[in-house]
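Q: The structure's right below; bear with me while I get my questions together.
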Amino acid sequence: MTSEQREFKHFINGLFVGSASGRSFDNVNPVDGTVIGRIHEAGRAEVDAAVAAARAALRGPWGRMTVQQRTELLYKVADEITRRFDDFLAAEVADTGKPVSLASHIDIPRGAANFKVFADVIKNVPTETFEMATPDGGEALNYALRVPRGVIGVICPWNLPLLLMTWKVGPALASGNTVVVKPSEETPATATLLGEVMNAVGVPPGVYNVVHGLGPDSAGAFLTAHPDVDGITFTGETRTGEAIMAAAAKGLRPVSFELGGKNAGLVFADADFDAAVDGVSRAAFANCGQVCLGTERVYVERPIFDKFVAALKARAENLKPGAPQEAGTGIGPLISQEHRRKVLSYYDKARAEGAKVVTGGGVPDMPEALQAGSWIQPTIWTGLPETASVVREEIFGPCCHIAPFDTEDEVIRLANDTPYGLCTTLWTRDLGRAHRVARQIEVGLCWINSWFLRDLRTAFGGSKQSGIGREGGVHSLEFYTELRNVCIKYL
Ligand code: NAD
């Protein structure tokens, strides 16, 4: 990206516009702490304009398109993201500091795939018909029209910016809605770039809009409280979800929430040991631990406990922190200094609560040029009670606590003893046990002998305080569409 392009303006009605207030804030590179751009902060005026543009597009050209025309455009969006792969990669890496090897395999390809998958879903989804007898002895036919919900507010986090944003924008647009996206204040780049893509392939102005800014008393709160937004889809922290739900209550707008987690990994003694170490290592440390599906609580059956702790320690110590482009970089920085302060406060709490620090627990030595980045050591603890803060609260860093267990019932109880319910990973060769445990774990997703395997047609979401609703495949349509019943009497 050129320095000129790193001024992040809002994308409203097909145009890049600055804030009328002139307010803006820094875009910081987490790798070395340098300021790499300015982000305009939307006030009520920009949010109003974006929502009005989205409403006009819904009633105008976008609303009049056939499913065929709409889905052809979404295929072009996917192709254009792929054509500009290097631009998206550079933008995502600059914002997040994540290794190029990770972003090029996960974030950007999934960003493109999200448009194709949901274009296919909407083309193939059936609706219902019922014939009924009428009181006068005749007959009537009922059929359901699947109609878009309307203008959708999309509020996104910073950990997988393009991937998680398109996971919502893809099905929203495929279903015929229009959107106003509020990317995270930490990661404005790829959402902005997607505006260029929309214009390039001919998506009508107003269909896809972006407003930048913060959450409370800023673009996020203005968007979620906006009376002309028909539904709000949000990925982020559970506490933020509570604030957004309160805002959505006014006007009775429905919400779809993908929230925090405190996911457990359960490793039985009969597991394929190397596969389990590999899977838990990825689940704990990938993306510097900033994955909602990550594992921060690991329970290992007692006979293999010591061996497992030693093996995971070796994996953690083998992750080389470094610049995103360097071959051999195994782990990037956290997203910001503020987030690092939060994660380090948990590292301190773990020590204060009596943890044995198996590895890590602080900040790594980095070359001088990178010292102002938000680097942190992958960390493993043992020896804490289940009541300890780092065992109960979501940290969202590259760390986990490992505890031994003795029986299947005990580990199910431990895994479920949390207000969260996003996912669990389960490592065993015993198929009977795998099915039994999966049935009893209170989560939205349960992986057996794997982690982060995602078929985008399947239901994705959390139980308990980890979410409301399911997205993915046809399940996304429960939020992004409504069924309108048409009843026609045969004459
Ligand atoms: P966050 O909740 O702090 O922020 C997310 C977004 O909400 C940002 O765009 C922010 O500006 C906005 N926001 C904050 N307060 C707001 C308010 N009052 N009104 C409207 N918008 C507001 O989350 P984060 O720190 O960006 O992301 C990390 C969190 O996201 C973790 O808890 C993680 O588990 C969760 N997450 C969940 C999933 C999932 O699928 N379940 C996926 C990724 C991340």
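By convention in this document, the chains of the structure tokens carry letters A, B, ... by their order, each chain's residues are numbered from 1, and ligands are numbered from 1 in the order they are shown.
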Counting only C-alpha atoms, what is within 7 Å of stretch 222-237 of chain A, bar same-chain residues fewer than 5 positions away, as a list in words?
A: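 Close residues of stretch 222-237 of chain A: Arg44, Val47, Val51, Arg149, Gly150, Val151, Ile152, Gly153, Val154, Ile155, Cys156, Pro157, Ile244, Ala247, Ala248, Gly251, Arg253, Pro254, Val255, Ser256, Phe257, Glu258, Leu259 and Gly260 of chain A.
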Q: Mind listing the alpha helix (DSSP H) residues of stretch 190-430 of chain A, per DSSP on the backbone, as a ChimeraX atom specification?
A: /A:190-201,219-224,238-249,273-285,305-317,337-352,389-392,408-416
Q: Restricting the calculation to only C-alpha atoms and all ligand atoms: of A:Thr387, A:Thr379, A:Asn287, A:Asn142, which residue gets closest to ligand 1?
A: A:Asn287
Q: Using only C-alpha atoms, which residue out of A:Gly63, A:Gly279, A:Gly397, A:Gly332 lies closest to A:Ala311?
A: A:Gly279
Q: Taking only C-alpha atoms and all ligand atoms and a cut-off of 7 Å, can you tell me which residues surround ligand 1, written as a ChimeraX atom specification?
A: /A:155-160,182-185,213-216,220-221,224,235-241,243-244,258-261,291-292,394,396,422,461-462,466-467
Q: In terms of the shortest atom-to-atom distance over only C-alpha atoms, which of A:Asn114, A:Asn13, A:Asn27, A:Ser104 is closest to A:Lys168?
A: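 Closest candidate: A:Asn114.
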Q: Which residue gives the smallest distance to A:Thr96 among A:Pro324, A:Gly43, A:Pro109, A:Pro205, with only C-alpha atoms counted?
A: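 Going through A:Pro324, A:Gly43, A:Pro109, A:Pro205 one by one, the smallest distance to A:Thr96 is for A:Pro324.
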Q: Atom CA of A:Thr71 and atom CA of A:Ser175, how far apart in Å?
A: 9.2 Å
